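Just below is one structure, and these are the notes that go with it.
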Amino acid sequence: MNYYEIIFYVFAVLTVVSAGVVVFSRNIIYSAFALLFTFTGVAGIYVLLNADFIAITQLLIYVGGIMILLIFGVMLTTNVTNVEITTQTLKALPATIVVAIVSALLVSTMVSTKWAVKDPISVESTTINQIGELLLTKYLLPFEIASIVLLIAMMGAAFLARKN
Amino acid sequence: MLTQQILDGLSKFYPETILSVTILVIVFVELFFKKKTRVSGWIAMAGLAAAMLFTFLQVNIPAQTIFFQMVAVDPFSYFFKVLLILSGFLIVLFTFLSDEIRSSEFKTQEYYALLIALTLGGFLMASSVNLLMMYLALELSSLSSYVLAGYFKKSNRSSEAALKYVIYGGVSSGLMLFGISLIYGICGSLDMFAISAYLSANPVNLITLLIAIFLMLAGFGYKISAVPFHFWTPDVYEGSPMPVTALLSVSSKAAGFAMLIRFFLVAFQNAGHPTITTEGLHQYITLPGLHWPEVIAVIAVATMTLGNVVAIWQDNLKRLLAYSSIAQAGYMLLAFVVVSPQGISAMLTYLAVYLFMNLGAFFAAILISNKYKTENIEEMKGIGYRSPLLCVSMAVFMLSLSGIPMTAGFIGKFYIFSALINNGYIWLAIIGLMNSVVSLYYYIKILKNMFLIRPQGDTGAVSFGAGYSVLLLALAIPTIVLGIFFGPLTKFAEYSVQIFGLK
Amino acid sequence: MITELIITSTIKITLVIIVILTGVAYSVYAERRISALIQNRIGPNRVGPAGLLQPIADVLKLLLKEDIVPAKATKPIHTLAPMISIFVALCTIAVVPFGDSIHLFSRDIRLQIADVNIGILYILALTSLGVYGITLSGWSSNNKYSLFGGLRSSAQMISYELSMGLSVVGVILMTGSLSLQDIVLHQFGWKWNIILQPIGFITFLVAAFAETNRAPFDLPEAEPELVGGYHTEYSSMKFALFFLAEYANMIVSSTVIVTLFLGGWQFPYLQTFGLPPLVVSLLQVFTFVIKVVAMIVFFIWVRWSIPRFRYDQLMNLGWKVMLPLALANIVITALLIAIFRS
């Protein structure tokens with residue numbers, strides 16, 4: 001095992017274990033916290049893939065922004081309104097069967113499919129320049145439309161949250 | 001060179017650009033006219049009209065893709081653009097004329113901006129040839145429709161509708177993203193043409209591909225409310241403001257169909273094969289071994305059967321129309337099973353006809369709830385004697401939705417069934433016909449309540465302003481005329497079958 | 001090769017952390033002395049000559065105190081929160097260059113722990129993580145004052161993160177790189193970014209004050225209304241960690257401000273003097289330290305001169321003044337660059 005692999009496994013274990021906690025924890029606050037570590041682990045894997053920009057964006061937006069709001073929501077609802085939010089297991093048997101089938105299917109496809117693996121390419125020191133160039137050429141339209149999508153989402157959220 | 005390409009793309013992107021600008025203008029205008037005014041409604045209309053004008057200028061443009069193969073400008077997208085603008089236009093008028101919306105708690109605020117955004121999303125859904133673009137377009141139209149569905153914040157039903165819509169939408173777009181990621185994993189590209197080229201040239205694991213298709217269908221099925229992704233439909237249709245319901249049942253459904261058709265036909269075509277098969281029938285050649293038409297057939301049958309059977313039990317007019325619109329989606333999907341230009345043109349014809357008759361039915365429902373303050377069918381006894389024009393128009397829409405001859409609905413169904421029979425799907429045609437017979441029951445039930453039972457209590461005539469009557473006629477007359485004089489429409493539909501990238 | 005990297009990095013990290021922690025101790029001392037000066041008092045002057053040993057006495061006192069955890073607190077998170085705070089504060093320094101490179105032991109050593117290509121984004125990302133320490137401590141204490149302190153500070157930090165990120169964009173546009181070393185190299189001669197980017201500097205400075213929760217933006221711990229804010233329920237070394245984190249944040253912000261806007265380790269026209277390379281390197285490090293110390297003094301000076309904002313004023317300032325200003329700055333900078341390049 002070289003350094004690369006060790007680091008990979010550290011992050012992989014972090015991601016998977018914390019994702020498990022997200023799903024299995026009864027206390028929704030612990031789920032939210034665990035999700036934090038899942039995101040961080042994913043960011044680490046991005047770094048290993050040489051996707052520095054995406055890794056940092058993951059930290060900046062998901063860990064630093066979205067998760068904060070999520071934890072906020074969870075905290076305020078449990079601590080301020082005194083409503084106990086816990087997750088429960090309902091209909092365990094049918095759920096187990098469905099989950100078993102779905103995961104068997106997914107794992108088997110994961111193993112048996114010939115994925116389109118791209119040849120490793122030498123990356124320049126940073127991906128930022130390429131990302132910037134692509135966003136203004138090939139992905140110009142999706143980039144602009146994404147901004148409209150965000151505008152609409154913001155307007156909608158402001159409208160719903162506002163007192164009239 | 002790059003700049004040239006982008007400028008060229010922009011010159012073919014005017015309708016969408018105009019809609020985007022309209023959104024921004026409305027947002028700014030709302031800042032300055034805080035009181036209840038119709039200013040933003042008029043701006044929305046002007047924006048739609050301008051977009052329509054520039055869409056018309058694209059009529060003879062050769063089919064092509066712009067913005068580095070992100071969206072296509074072709075007769076197919078042209079058809080849907082016209083449809084979406086028409087529907088957006090009518091919805092703005094509905095909003096003007098709906099009492100529900102003029103009630104005190106309603107302020108226009110972002111309503112029109114969201115409406116335009118939904119139309120813009122529909123435009124892009126109809127023309128995307130890249131899965132990334134497709135997903136963004138889907139989100140644009142979904143996000144705006146979530147908010148529109150919950151536009152009456154103080155009404156519990158409206159909030160419930162919005163919440164259900166968001167949850168279903170979130171799950172299904174998540175599933176769809178997973179499907180997209182699988183397809184990307186298999187083919188290494190998000191471009192539909194590249195996907196079809198890769199799939200035609202390389203043997204792939206068909207099971208994985210099929211899983212991906214199922215997951216993608218979750219996204220499409222949710223937009224067109226096909227079984228089993230229809231659960232949100234009745235509640236959302238019932239809870240949303242009526243004009244929004246009409247919008248959801250027409251615009252977002254049409255856009256969903258456009259996306260579905262383009263994705264399946266382009267991404268899963270067998271690249272490099274001619275479209276005329278040995279039997280002399282025009283047929284799009286799909287990938288061998290991939291049985292998506294069969295999947296669609298099952299979904300279509302389930303959708304229309306469920307829609308029709310459940311609609312029978314409904315008392316609430318909005319819920320009834322919701323289930324009826326599920327059933328209508330089933331008919332349209334039937335035509336898609338025939339993977340041929342004939343089937344697609346039948347589908348487009350039906351969509352155009354559906355625009356008039358379904359919007360008409362919703363407008364009539366708006367008027368009934370305006371004047372009689374009810375959505376319950378049992379309480380509509382005898383109103384045919386009190387407002388004859390309204391109820392006769394309603395009768396036209398109902399008969400057309402059930403597909404009685406001499407109405408536009410008949411033409412739509414006729415083309416669908418003849419496409420099915422021509423291509424050997426006789427059993428599907430029979431199921432469709434049986435379903436139409438079932439649907440007659442609940443459509444006629446409304447008419448029975450309106451006309452065959454004498455009104456009790458208040459029997460005075462209830463009339464409407466001239467504007468209402470004109471709009472009602474503007475929807476009812478095409479529904480009849482298109483049933484008799486359908487040549488231009490079917491020509492237009494046949495012309496619009498040209499999808500970029502298909503020979 | 002990789003072993004050598006690890007060794008040099010370890011040495012650099014240890015050195016930098018020692019410097020920062022000492023810096024923290026003495027900025028507390030400086031704060032007390034300067035505040036005394038401003039308020040016409042004497043300040044701590046008993047422990048050691050001129051009170052210079054006061055920080056050590058303070059640390060010893062905090063270490064020996066009893067560690068009290070409230071009975072109803074969520075214990076793991078209560079313990080974790082101060083660690084997050086200090087971790088984030090110390091990690092940020094990794095990308096800040098405190099000198100060019102120095103020739104020692106027959107090899108060139110860069111005076112920066114890690115020259116990350118996306119240094120600025122790294123700083124912004126870590127700053128955004130700083131909110132967790134405060135939010136979690138506020139929540140896990142199970143005390144309403146703490147919770148309010150935590151909530152306030154999160155809202156404040158999220159609001160000011162935006163204008164902070166946007167005000168850097170002007171600098172990035174001018175440099176064309178996100179690496180802090182490149183940004184410093186670009187500020188040679190008189191071309192400090194404070195001269196070229198005055199609006200960006202002001203918005204960044206204000207945002208930095210808000211991000212570090214320093215006066216006049218120290219609402220999370222506003223004593224009159226919130227007792228002690230998010231760290232009301234902390235005592236002993238955990239409290240000391242928060243204290244440490246606050247001052248470490250201040251130092252790190254100063255280094256970042258110096259790097260981005262005040263020319264970093266650049267001493268104007270130093271190369272023209274014809275000094276030996278080792279002296280140049282040391283002078284540059286010295287310049288950097290002087291600038292940072294000046295910045296810290298500025299931080300302290302502001303704290304003892306300007307009254308605290310009201311919460312709604314703070315939010316208004318963040319969203320209605322700073323954000324538009326930062327946005328306008330981007331547009332203007334981009335326009336000017338487009339004009340002067342062509």
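Letters for chains follow the order of the structure tokens (A, B, ...), residue numbers begin at 1 for each chain, and ligand numbers begin at 1 in the order shown.
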
Pull the closest atom pair for each residue of chain A that gets at most 8 Å from chain B, along with the distance in Å to one decimal, counting only C-alpha atoms, ordering rows by chain and then ascending residue number, as a Markdown table.
```
| residue | atom | partner | partner_atom | distance |
| --- | --- | --- | --- | --- |
| A:Thr109 | CA | B:Thr208 | CA | 5.7 |
| A:Ser112 | CA | B:Asn205 | CA | 7.6 |
| A:Thr113 | CA | B:Asn205 | CA | 5.6 |
| A:Lys114 | CA | B:Ile186 | CA | 6.9 |
| A:Trp115 | CA | B:Ile186 | CA | 4.9 |
| A:Ala116 | CA | B:Ile186 | CA | 5.2 |
| A:Val117 | CA | B:Gly188 | CA | 7.5 |
| A:Lys118 | CA | B:Gly188 | CA | 7.8 |
| A:Thr137 | CA | B:Leu2 | CA | 7.1 |
| A:Lys138 | CA | B:Phe68 | CA | 5.5 |
| A:Tyr139 | CA | B:Phe68 | CA | 7.7 |
| A:Leu140 | CA | B:Phe67 | CA | 7.3 |
| A:Leu141 | CA | B:Phe67 | CA | 6.5 |
| A:Pro142 | CA | B:Met133 | CA | 5.7 |
| A:Ile145 | CA | B:Leu136 | CA | 7.1 |
| A:Ala146 | CA | B:Leu136 | CA | 6.6 |
| A:Ile148 | CA | B:Leu140 | CA | 7.7 |
| A:Val149 | CA | B:Leu140 | CA | 5.1 |
| A:Ile152 | CA | B:Ser144 | CA | 6.5 |
| A:Ala153 | CA | B:Leu143 | CA | 6.2 |
| A:Met155 | CA | B:Glu110 | CA | 7.3 |
| A:Gly156 | CA | B:Val147 | CA | 5.6 |
| A:Ala157 | CA | B:Val147 | CA | 7.9 |
| A:Phe159 | CA | B:Glu110 | CA | 7.4 |
| A:Leu160 | CA | B:Lys153 | CA | 7.0 |
```

If you keep C-alpha atoms, can you produce a file of those selected residues as a PDB file, in the first residue's frame?
```
ATOM      1  CA  THR A 109     -24.605  -4.202 -12.309  1.00  0.00           C
ATOM      2  CA  SER A 112     -20.694  -6.791 -14.324  1.00  0.00           C
ATOM      3  CA  THR A 113     -20.975  -3.612 -16.362  1.00  0.00           C
ATOM      4  CA  LYS A 114     -18.106  -2.481 -18.489  1.00  0.00           C
ATOM      5  CA  TRP A 115     -17.938   1.147 -17.517  1.00  0.00           C
ATOM      6  CA  ALA A 116     -16.535   3.695 -19.896  1.00  0.00           C
ATOM      7  CA  VAL A 117     -13.282   4.317 -18.092  1.00  0.00           C
ATOM      8  CA  LYS A 118     -11.314   7.196 -19.464  1.00  0.00           C
ATOM      9  CA  THR A 137     -17.619  27.860 -24.073  1.00  0.00           C
ATOM     10  CA  LYS A 138     -18.963  24.347 -24.220  1.00  0.00           C
ATOM     11  CA  TYR A 139     -21.080  24.608 -21.100  1.00  0.00           C
ATOM     12  CA  LEU A 140     -22.085  28.222 -21.572  1.00  0.00           C
ATOM     13  CA  LEU A 141     -25.783  27.508 -21.905  1.00  0.00           C
ATOM     14  CA  PRO A 142     -26.105  25.130 -18.931  1.00  0.00           C
ATOM     15  CA  ILE A 145     -29.590  28.333 -17.307  1.00  0.00           C
ATOM     16  CA  ALA A 146     -28.316  27.191 -13.934  1.00  0.00           C
ATOM     17  CA  ILE A 148     -31.869  31.214 -13.922  1.00  0.00           C
ATOM     18  CA  VAL A 149     -32.753  28.051 -12.021  1.00  0.00           C
ATOM     19  CA  ILE A 152     -36.201  31.063  -9.565  1.00  0.00           C
ATOM     20  CA  ALA A 153     -35.399  28.905  -6.554  1.00  0.00           C
ATOM     21  CA  MET A 155     -37.530  33.887  -5.614  1.00  0.00           C
ATOM     22  CA  GLY A 156     -39.711  30.946  -4.722  1.00  0.00           C
ATOM     23  CA  ALA A 157     -38.081  30.454  -1.357  1.00  0.00           C
ATOM     24  CA  PHE A 159     -41.952  34.178  -1.557  1.00  0.00           C
ATOM     25  CA  LEU A 160     -42.850  31.175   0.563  1.00  0.00           C
TER      26      LEU A 160
END
```

Residue neighbourhood Arg33 of chain C, 8 Å, only C-alpha atoms, exclusion window fewer than 3 positions, as a PyMOL selection string: chain C and resi 29-30+36-37+42-44

Test item: residues at most 10 Å from Ile45 of chain A, only C-alpha atoms, excluding those fewer than 5 positions along its chain, as number ranges by chain: A: 7-12, 15, 39-40, 50-52, 55

Near-Gly149 of chain C list (6 Å; only C-alpha atoms; drop same-chain fewer than 2 positions) as a ChimeraX atom specification: /C:146-147,151-152,220,229-230

Chain C residues near chain A (8 Å cut-off, only C-alpha atoms) as a PyMOL selection string: chain C and resi 117-118+121-122+124-126+128-129+131-132+139+151+158

DSSP-assigned alpha helix (DSSP H) among segment 134-317 of chain C, expressed as a ChimeraX atom specification: /C:134-140,144-175,180-186,193-196,198-211,223-226,236-261,277-303,311-316

Just list as a PDB file with C-alpha atoms, in the first residue's frame whatever in segment 29-215 of chain B DSSP marks as strand (DSSP E or B).
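The result, stored in states.pdb:
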```pdb
ATOM      1  CA  GLN B  64     -29.508  22.093 -36.120  1.00  0.00           C
ATOM      2  CA  THR B  65     -28.015  22.167 -32.683  1.00  0.00           C
ATOM      3  CA  ILE B  66     -26.695  25.302 -31.050  1.00  0.00           C
ATOM      4  CA  VAL B  71     -30.099  22.389 -27.497  1.00  0.00           C
ATOM      5  CA  ALA B  72     -31.609  21.678 -30.890  1.00  0.00           C
ATOM      6  CA  VAL B  73     -33.579  24.062 -33.038  1.00  0.00           C
ATOM      7  CA  SER B 128     -32.343  19.751 -25.009  1.00  0.00           C
ATOM      8  CA  ASN B 130     -27.747  16.922 -23.727  1.00  0.00           C
ATOM      9  CA  ASP B 191     -24.565  14.083 -25.353  1.00  0.00           C
TER      10      ASP B 191
END
```

Spatial neighbours of Phe242 of chain C, 9 Å, only C-alpha atoms, chain gap at least 6 places, as number ranges by chain: C: 81-83, 85-86, 133-134, 231, 234

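Pairwise distance (atom CA of Leu320 of chain B, atom CA of Ala161 of chain B) equals 16.1 Å.
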
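If you count only C-alpha atoms and ignore residues fewer than 2 places along the chain from segment 207-211 of chain C, what sits within 6 Å of it is Met157, Tyr160, Met164, Phe204, Leu205, Asn213, Arg214 and Phe217 of chain C.
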
Just the selected residues (N, CA and C atoms), exported as a PDB file, in the first residue's frame, please.
```pdb
ATOM      1  N   MET C 157     -21.953  34.943  10.300  1.00  0.00           N
ATOM      2  CA  MET C 157     -20.821  34.458   9.504  1.00  0.00           C
ATOM      3  C   MET C 157     -21.248  34.061   8.113  1.00  0.00           C
ATOM      4  N   TYR C 160     -21.692  37.235   6.073  1.00  0.00           N
ATOM      5  CA  TYR C 160     -20.492  37.970   5.679  1.00  0.00           C
ATOM      6  C   TYR C 160     -19.534  37.148   4.820  1.00  0.00           C
ATOM      7  N   MET C 164     -17.280  38.463   1.729  1.00  0.00           N
ATOM      8  CA  MET C 164     -15.854  38.148   1.820  1.00  0.00           C
ATOM      9  C   MET C 164     -15.387  37.467   0.533  1.00  0.00           C
ATOM     10  N   PHE C 204     -13.537  43.484   2.322  1.00  0.00           N
ATOM     11  CA  PHE C 204     -12.894  42.309   2.899  1.00  0.00           C
ATOM     12  C   PHE C 204     -12.573  42.545   4.368  1.00  0.00           C
ATOM     13  N   LEU C 205     -12.116  43.735   4.660  1.00  0.00           N
ATOM     14  CA  LEU C 205     -11.746  44.055   6.041  1.00  0.00           C
ATOM     15  C   LEU C 205     -12.965  43.943   6.954  1.00  0.00           C
ATOM     16  N   ASN C 213     -15.738  37.477  14.531  1.00  0.00           N
ATOM     17  CA  ASN C 213     -16.591  37.828  15.664  1.00  0.00           C
ATOM     18  C   ASN C 213     -15.927  38.849  16.577  1.00  0.00           C
ATOM     19  N   ARG C 214     -15.189  39.756  15.973  1.00  0.00           N
ATOM     20  CA  ARG C 214     -14.549  40.777  16.784  1.00  0.00           C
ATOM     21  C   ARG C 214     -15.430  42.010  16.821  1.00  0.00           C
ATOM     22  N   PHE C 217     -18.438  43.711  15.725  1.00  0.00           N
ATOM     23  CA  PHE C 217     -19.395  42.679  15.326  1.00  0.00           C
ATOM     24  C   PHE C 217     -19.406  41.519  16.317  1.00  0.00           C
TER      25      PHE C 217
END
```

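Atom pair atom CA of Ile97 of chain A / atom CA of Val22 of chain A has a distance of 20.9 Å (rounded to one decimal).
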
Distance of atom CA of Ala364 of chain B from atom CA of Lys381 of chain B, expressed in Å to one decimal place: 15.2 Å

Near Ala267 of chain B, within 10 Å and counting only C-alpha atoms, which residues show up once chain neighbours fewer than 4 positions away are dropped, as a PDB file with C-alpha atoms, in the first residue's frame?
```
ATOM      1  CA  VAL B 129     -30.103  17.220 -26.645  1.00  0.00           C
ATOM      2  CA  ASN B 130     -27.747  16.922 -23.727  1.00  0.00           C
ATOM      3  CA  LEU B 131     -28.664  15.153 -20.519  1.00  0.00           C
ATOM      4  CA  LEU B 190     -23.989  13.176 -21.747  1.00  0.00           C
ATOM      5  CA  ASP B 191     -24.565  14.083 -25.353  1.00  0.00           C
ATOM      6  CA  MET B 192     -27.506  12.176 -26.817  1.00  0.00           C
ATOM      7  CA  PHE B 193     -25.825  11.690 -30.177  1.00  0.00           C
ATOM      8  CA  ALA B 194     -22.659  10.428 -28.566  1.00  0.00           C
ATOM      9  CA  ILE B 195     -24.730   8.067 -26.433  1.00  0.00           C
ATOM     10  CA  SER B 196     -26.484   6.647 -29.454  1.00  0.00           C
ATOM     11  CA  ALA B 197     -23.206   6.329 -31.344  1.00  0.00           C
ATOM     12  CA  TYR B 198     -21.567   4.534 -28.438  1.00  0.00           C
ATOM     13  CA  LEU B 199     -24.491   2.205 -27.859  1.00  0.00           C
ATOM     14  CA  SER B 200     -24.698   1.331 -31.550  1.00  0.00           C
ATOM     15  CA  ILE B 261     -39.780  11.516 -27.050  1.00  0.00           C
ATOM     16  CA  ARG B 262     -36.530  13.194 -27.873  1.00  0.00           C
ATOM     17  CA  PHE B 263     -34.515  11.294 -25.332  1.00  0.00           C
ATOM     18  CA  ALA B 271     -27.054   5.068 -35.510  1.00  0.00           C
ATOM     19  CA  THR B 286     -33.981   1.475 -32.139  1.00  0.00           C
ATOM     20  CA  LEU B 287     -31.188  -0.479 -30.587  1.00  0.00           C
ATOM     21  CA  GLY B 501     -30.412  13.757 -35.512  1.00  0.00           C
TER      22      GLY B 501
END
```
